[in-house]
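Asks: Structure provided below as structure tokens; questions to follow.
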Amino acid sequence: MNGRVRVFLAAAVAVLAALTTVSGSSASPGVGDACLACMCWASSNCSMPTPPCKMNGWGEVCGPWAITQPYWIDGGRLFNDFYKCVEDWKCNEDTVRNYLNFYVTDPDAKCQDYARTHAGGPLGAWNDSTLPYWYSVKECLDYGIFTPASV
């Protein structure tokens with residue numbers, strides 16, 4: 001192995017170690033895959049709607065997790081284009097993960113906290129109006145209803 005390769009590998013290992021230390025130090029583990037899949041199921045039967053956006057009683061919701069444009073903004077403005085993002089499965093999922101990682105900061109957070117925040121915004125975990133959504137997510141978890149999507 002030549003010197004340049006060794007230096008590159010050592011630098012790569014150091015960067016990965018630093019990132020692991022920083023990301024693992026105080027951050028919560030984030031929403032689990034089963035919880036996220038059941039939130040998708042509760043939002044849309046976990047399918048990409050056609051068309052990707054629809055109007056409900058209070059505004060436009062899009063994609064398999066039924067996100068809104070303000071939700072997308074708080075989730076990081078991925079793709080820099082809301083309508084492009086909601087047509088892409090991975091962009092939807094990453095937006096939801098980003099949003100929940102931003103607003104759910106309790107390291108002991110449970111799926112209920114994530115689901116209710118997803119449904120009701122930053123204070124949704126304490127809002128009774130998010131309980132029906134949580135009960136749908138819980139039913140999915142309890143009975144294994146969801147089928148994780150393949151990207």
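Following the order of the structure tokens, first chain is A, next is B, and so on, with residues numbered from 1 inside each chain and ligands from 1 in the order they appear.
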Please provide the set of residues having any atom within 12 Å of segment 83-89 of chain A, restricted to only C-alpha atoms, with same-chain residues fewer than 4 positions apart removed, written as a PyMOL selection string.
Replies: chain A and resi 40+46-54+60-69+71-73+75-79+93-96+149-151
Asks: From a DSSP calculation on the backbone, collect every residue of segment 19-143 of chain A in strand (DSSP E or B) and output the set as a list of chain:residue names.
Replies: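 Here are the strand (DSSP E or B) residues of segment 19-143 of chain A: A:Cys53, A:Lys54, A:Met55, A:Asn56, A:Gly59, A:Glu60, A:Val61, A:Cys62, A:Ile67.
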Asks: For the selection just defined, write its residues with all heavy atoms to a file, as a PDB file, in the first residue's frame.
Replies:
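Now in selection_27.pdb:
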```pdb
ATOM      1  N   CYS A  53     -50.332  15.053  -4.584  1.00  0.00           N
ATOM      2  CA  CYS A  53     -50.922  16.003  -3.635  1.00  0.00           C
ATOM      3  C   CYS A  53     -52.439  15.999  -3.741  1.00  0.00           C
ATOM      4  O   CYS A  53     -52.998  15.768  -4.811  1.00  0.00           O
ATOM      5  CB  CYS A  53     -50.408  17.420  -3.902  1.00  0.00           C
ATOM      6  SG  CYS A  53     -48.624  17.588  -3.672  1.00  0.00           S
ATOM      7  N   LYS A  54     -53.086  16.241  -2.597  1.00  0.00           N
ATOM      8  CA  LYS A  54     -54.537  16.357  -2.589  1.00  0.00           C
ATOM      9  C   LYS A  54     -54.930  17.378  -1.525  1.00  0.00           C
ATOM     10  O   LYS A  54     -54.179  17.645  -0.590  1.00  0.00           O
ATOM     11  CB  LYS A  54     -55.201  15.012  -2.319  1.00  0.00           C
ATOM     12  CG  LYS A  54     -54.926  14.465  -0.932  1.00  0.00           C
ATOM     13  CD  LYS A  54     -55.601  13.128  -0.712  1.00  0.00           C
ATOM     14  CE  LYS A  54     -55.262  12.633   0.686  1.00  0.00           C
ATOM     15  NZ  LYS A  54     -55.825  11.345   0.985  1.00  0.00           N
ATOM     16  N   MET A  55     -56.097  17.930  -1.692  1.00  0.00           N
ATOM     17  CA  MET A  55     -56.620  18.872  -0.706  1.00  0.00           C
ATOM     18  C   MET A  55     -57.434  18.078   0.308  1.00  0.00           C
ATOM     19  O   MET A  55     -58.210  17.205  -0.061  1.00  0.00           O
ATOM     20  CB  MET A  55     -57.513  19.915  -1.379  1.00  0.00           C
ATOM     21  CG  MET A  55     -56.775  20.825  -2.352  1.00  0.00           C
ATOM     22  SD  MET A  55     -55.461  21.797  -1.598  1.00  0.00           S
ATOM     23  CE  MET A  55     -56.399  23.006  -0.703  1.00  0.00           C
ATOM     24  N   ASN A  56     -57.199  18.355   1.582  1.00  0.00           N
ATOM     25  CA  ASN A  56     -58.067  17.785   2.602  1.00  0.00           C
ATOM     26  C   ASN A  56     -58.821  18.939   3.242  1.00  0.00           C
ATOM     27  O   ASN A  56     -58.827  20.047   2.699  1.00  0.00           O
ATOM     28  CB  ASN A  56     -57.280  16.926   3.598  1.00  0.00           C
ATOM     29  CG  ASN A  56     -56.356  17.737   4.485  1.00  0.00           C
ATOM     30  OD1 ASN A  56     -56.425  18.959   4.523  1.00  0.00           O
ATOM     31  ND2 ASN A  56     -55.487  17.072   5.200  1.00  0.00           N
ATOM     32  N   GLY A  59     -56.100  21.936   3.990  1.00  0.00           N
ATOM     33  CA  GLY A  59     -55.013  22.342   3.104  1.00  0.00           C
ATOM     34  C   GLY A  59     -54.513  21.197   2.243  1.00  0.00           C
ATOM     35  O   GLY A  59     -55.093  20.117   2.207  1.00  0.00           O
ATOM     36  N   GLU A  60     -53.417  21.456   1.561  1.00  0.00           N
ATOM     37  CA  GLU A  60     -52.833  20.491   0.652  1.00  0.00           C
ATOM     38  C   GLU A  60     -51.854  19.583   1.398  1.00  0.00           C
ATOM     39  O   GLU A  60     -50.985  20.056   2.121  1.00  0.00           O
ATOM     40  CB  GLU A  60     -52.083  21.247  -0.457  1.00  0.00           C
ATOM     41  CG  GLU A  60     -51.489  20.362  -1.513  1.00  0.00           C
ATOM     42  CD  GLU A  60     -50.775  21.158  -2.587  1.00  0.00           C
ATOM     43  OE1 GLU A  60     -49.965  22.046  -2.260  1.00  0.00           O
ATOM     44  OE2 GLU A  60     -51.032  20.875  -3.763  1.00  0.00           O
ATOM     45  N   VAL A  61     -52.010  18.276   1.217  1.00  0.00           N
ATOM     46  CA  VAL A  61     -51.097  17.286   1.774  1.00  0.00           C
ATOM     47  C   VAL A  61     -50.566  16.441   0.624  1.00  0.00           C
ATOM     48  O   VAL A  61     -51.276  16.177  -0.340  1.00  0.00           O
ATOM     49  CB  VAL A  61     -51.749  16.400   2.858  1.00  0.00           C
ATOM     50  CG1 VAL A  61     -52.120  17.214   4.082  1.00  0.00           C
ATOM     51  CG2 VAL A  61     -52.952  15.657   2.322  1.00  0.00           C
ATOM     52  N   CYS A  62     -49.304  16.021   0.773  1.00  0.00           N
ATOM     53  CA  CYS A  62     -48.651  15.357  -0.356  1.00  0.00           C
ATOM     54  C   CYS A  62     -47.804  14.173   0.088  1.00  0.00           C
ATOM     55  O   CYS A  62     -47.261  14.161   1.197  1.00  0.00           O
ATOM     56  CB  CYS A  62     -47.735  16.350  -1.075  1.00  0.00           C
ATOM     57  SG  CYS A  62     -48.554  17.849  -1.659  1.00  0.00           S
ATOM     58  N   ILE A  67     -47.421  15.070   3.837  1.00  0.00           N
ATOM     59  CA  ILE A  67     -46.745  16.250   4.371  1.00  0.00           C
ATOM     60  C   ILE A  67     -47.261  17.517   3.696  1.00  0.00           C
ATOM     61  O   ILE A  67     -47.789  17.469   2.586  1.00  0.00           O
ATOM     62  CB  ILE A  67     -45.216  16.140   4.249  1.00  0.00           C
ATOM     63  CG1 ILE A  67     -44.753  16.101   2.791  1.00  0.00           C
ATOM     64  CG2 ILE A  67     -44.699  14.933   5.021  1.00  0.00           C
ATOM     65  CD1 ILE A  67     -43.236  16.149   2.619  1.00  0.00           C
TER      66      ILE A  67
END
```
Asks: For the atom pair atom CA of Arg97 of chain A and atom CA of Ser43 of chain A, what is the interatomic distance in Å to one decimal place?
Replies: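 That distance, rounded to one decimal, is 14.9 Å.
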Asks: Please run DSSP on the backbone and report, as a ChimeraX atom specification, all residues within segment 85-133 of chain A that come out as alpha helix (DSSP H).
Replies: /A:85-86,89-103,111-120,131-133
Asks: Hey, can you spit out that residue selection with N, CA and C atoms as a PDB file, in the first residue's frame?
Replies:
```
ATOM      1  N   CYS A  85     -39.931  17.107  -4.517  1.00  0.00           N
ATOM      2  CA  CYS A  85     -39.647  16.244  -3.371  1.00  0.00           C
ATOM      3  C   CYS A  85     -40.794  15.277  -3.113  1.00  0.00           C
ATOM      4  N   VAL A  86     -42.024  15.774  -3.112  1.00  0.00           N
ATOM      5  CA  VAL A  86     -43.143  14.906  -2.743  1.00  0.00           C
ATOM      6  C   VAL A  86     -43.429  13.837  -3.791  1.00  0.00           C
ATOM      7  N   TRP A  89     -40.006   9.116  -3.336  1.00  0.00           N
ATOM      8  CA  TRP A  89     -40.198   8.366  -2.103  1.00  0.00           C
ATOM      9  C   TRP A  89     -39.137   8.706  -1.064  1.00  0.00           C
ATOM     10  N   LYS A  90     -37.887   8.650  -1.444  1.00  0.00           N
ATOM     11  CA  LYS A  90     -36.777   8.881  -0.515  1.00  0.00           C
ATOM     12  C   LYS A  90     -36.801  10.306   0.025  1.00  0.00           C
ATOM     13  N   CYS A  91     -37.134  11.263  -0.801  1.00  0.00           N
ATOM     14  CA  CYS A  91     -37.208  12.652  -0.346  1.00  0.00           C
ATOM     15  C   CYS A  91     -38.314  12.816   0.694  1.00  0.00           C
ATOM     16  N   ASN A  92     -39.442  12.153   0.482  1.00  0.00           N
ATOM     17  CA  ASN A  92     -40.522  12.162   1.476  1.00  0.00           C
ATOM     18  C   ASN A  92     -40.032  11.607   2.805  1.00  0.00           C
ATOM     19  N   GLU A  93     -39.436  10.426   2.756  1.00  0.00           N
ATOM     20  CA  GLU A  93     -38.968   9.775   3.978  1.00  0.00           C
ATOM     21  C   GLU A  93     -37.918  10.622   4.689  1.00  0.00           C
ATOM     22  N   ASP A  94     -36.958  11.146   3.935  1.00  0.00           N
ATOM     23  CA  ASP A  94     -35.905  11.965   4.548  1.00  0.00           C
ATOM     24  C   ASP A  94     -36.467  13.244   5.152  1.00  0.00           C
ATOM     25  N   THR A  95     -37.470  13.822   4.504  1.00  0.00           N
ATOM     26  CA  THR A  95     -38.115  15.023   5.047  1.00  0.00           C
ATOM     27  C   THR A  95     -38.780  14.710   6.379  1.00  0.00           C
ATOM     28  N   VAL A  96     -39.498  13.588   6.441  1.00  0.00           N
ATOM     29  CA  VAL A  96     -40.169  13.203   7.688  1.00  0.00           C
ATOM     30  C   VAL A  96     -39.138  12.940   8.783  1.00  0.00           C
ATOM     31  N   ARG A  97     -38.092  12.208   8.469  1.00  0.00           N
ATOM     32  CA  ARG A  97     -37.044  11.948   9.468  1.00  0.00           C
ATOM     33  C   ARG A  97     -36.410  13.259   9.956  1.00  0.00           C
ATOM     34  N   ASN A  98     -36.081  14.141   9.033  1.00  0.00           N
ATOM     35  CA  ASN A  98     -35.474  15.425   9.418  1.00  0.00           C
ATOM     36  C   ASN A  98     -36.403  16.231  10.315  1.00  0.00           C
ATOM     37  N   TYR A  99     -37.658  16.311   9.924  1.00  0.00           N
ATOM     38  CA  TYR A  99     -38.650  17.061  10.693  1.00  0.00           C
ATOM     39  C   TYR A  99     -38.755  16.500  12.110  1.00  0.00           C
ATOM     40  N   LEU A 100     -38.884  15.197  12.206  1.00  0.00           N
ATOM     41  CA  LEU A 100     -39.044  14.578  13.520  1.00  0.00           C
ATOM     42  C   LEU A 100     -37.770  14.682  14.355  1.00  0.00           C
ATOM     43  N   ASN A 101     -36.612  14.560  13.735  1.00  0.00           N
ATOM     44  CA  ASN A 101     -35.359  14.727  14.477  1.00  0.00           C
ATOM     45  C   ASN A 101     -35.194  16.150  14.977  1.00  0.00           C
ATOM     46  N   PHE A 102     -35.758  17.106  14.258  1.00  0.00           N
ATOM     47  CA  PHE A 102     -35.672  18.504  14.674  1.00  0.00           C
ATOM     48  C   PHE A 102     -36.609  18.790  15.854  1.00  0.00           C
ATOM     49  N   TYR A 103     -37.838  18.306  15.777  1.00  0.00           N
ATOM     50  CA  TYR A 103     -38.840  18.660  16.787  1.00  0.00           C
ATOM     51  C   TYR A 103     -38.932  17.696  17.969  1.00  0.00           C
ATOM     52  N   CYS A 111     -42.445   5.932  19.870  1.00  0.00           N
ATOM     53  CA  CYS A 111     -43.159   6.079  18.604  1.00  0.00           C
ATOM     54  C   CYS A 111     -44.356   7.020  18.748  1.00  0.00           C
ATOM     55  N   GLN A 112     -45.050   6.946  19.871  1.00  0.00           N
ATOM     56  CA  GLN A 112     -46.200   7.823  20.080  1.00  0.00           C
ATOM     57  C   GLN A 112     -45.796   9.294  19.963  1.00  0.00           C
ATOM     58  N   ASP A 113     -44.650   9.665  20.525  1.00  0.00           N
ATOM     59  CA  ASP A 113     -44.181  11.053  20.448  1.00  0.00           C
ATOM     60  C   ASP A 113     -43.926  11.461  19.002  1.00  0.00           C
ATOM     61  N   TYR A 114     -43.281  10.567  18.251  1.00  0.00           N
ATOM     62  CA  TYR A 114     -42.995  10.866  16.843  1.00  0.00           C
ATOM     63  C   TYR A 114     -44.276  10.951  16.013  1.00  0.00           C
ATOM     64  N   ALA A 115     -45.160   9.993  16.197  1.00  0.00           N
ATOM     65  CA  ALA A 115     -46.393   9.966  15.406  1.00  0.00           C
ATOM     66  C   ALA A 115     -47.262  11.183  15.690  1.00  0.00           C
ATOM     67  N   ARG A 116     -47.400  11.520  16.940  1.00  0.00           N
ATOM     68  CA  ARG A 116     -48.260  12.657  17.285  1.00  0.00           C
ATOM     69  C   ARG A 116     -47.631  13.979  16.860  1.00  0.00           C
ATOM     70  N   THR A 117     -46.304  14.074  16.885  1.00  0.00           N
ATOM     71  CA  THR A 117     -45.632  15.274  16.379  1.00  0.00           C
ATOM     72  C   THR A 117     -45.802  15.356  14.872  1.00  0.00           C
ATOM     73  N   HIS A 118     -45.688  14.232  14.196  1.00  0.00           N
ATOM     74  CA  HIS A 118     -45.899  14.212  12.743  1.00  0.00           C
ATOM     75  C   HIS A 118     -47.307  14.696  12.404  1.00  0.00           C
ATOM     76  N   ALA A 119     -48.280  14.225  13.139  1.00  0.00           N
ATOM     77  CA  ALA A 119     -49.676  14.563  12.838  1.00  0.00           C
ATOM     78  C   ALA A 119     -50.061  15.971  13.273  1.00  0.00           C
ATOM     79  N   GLY A 120     -49.462  16.465  14.349  1.00  0.00           N
ATOM     80  CA  GLY A 120     -49.921  17.726  14.915  1.00  0.00           C
ATOM     81  C   GLY A 120     -48.908  18.835  15.006  1.00  0.00           C
ATOM     82  N   LEU A 131     -54.501  12.085  18.840  1.00  0.00           N
ATOM     83  CA  LEU A 131     -54.696  10.722  19.352  1.00  0.00           C
ATOM     84  C   LEU A 131     -55.258   9.749  18.315  1.00  0.00           C
ATOM     85  N   PRO A 132     -56.259  10.128  17.512  1.00  0.00           N
ATOM     86  CA  PRO A 132     -56.754   9.164  16.515  1.00  0.00           C
ATOM     87  C   PRO A 132     -55.663   8.709  15.539  1.00  0.00           C
ATOM     88  N   TYR A 133     -54.797   9.619  15.136  1.00  0.00           N
ATOM     89  CA  TYR A 133     -53.688   9.243  14.256  1.00  0.00           C
ATOM     90  C   TYR A 133     -52.773   8.257  14.989  1.00  0.00           C
TER      91      TYR A 133
END
```
Asks: For the atom pair atom CA of Ile145 of chain A and atom CA of Gly121 of chain A, what is the interatomic distance in Å to one decimal place?
Replies: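 Between atom CA of Ile145 of chain A and atom CA of Gly121 of chain A the gap works out to 24.8 Å.
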Asks: Using only C-alpha atoms, which protein or nucleic acid residues come within 12 Å of Lys110 of chain A? Drop anything in the same chain fewer than 5 positions from it, and give the result as a list of chain:residue names.
Replies: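 In the requested format, the answer is A:Ser28, A:Pro29, A:Gly30, A:Val31, A:Gly32, A:Ala34, A:Cys35, A:Leu36, A:Leu100, A:Val104, A:Thr105, A:Ala115, A:Arg116, A:Thr117, A:Ala125, A:Trp134, A:Lys138.
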Asks: With distances taken over only C-alpha atoms, which of A:Phe82, A:Gly57, A:Pro107, A:Ser136 is nearest to Pro70 of chain A?
Replies: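 Ranking A:Phe82, A:Gly57, A:Pro107, A:Ser136 by distance to Pro70 of chain A, first place goes to A:Phe82.
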Asks: So how many Å separate atom CA of Val137 of chain A and atom CA of Asp33 of chain A, to one decimal?
Replies: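 Distance reported for this atom pair: 12.5 Å.
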Asks: Counting only C-alpha atoms, figure out which residue out of A:Tyr135, A:Cys140, A:Ala109, A:Asp81 gets nearest to Asn45 of chain A.
Replies: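 The shortest atom-to-atom distance to Asn45 of chain A comes from A:Cys140.
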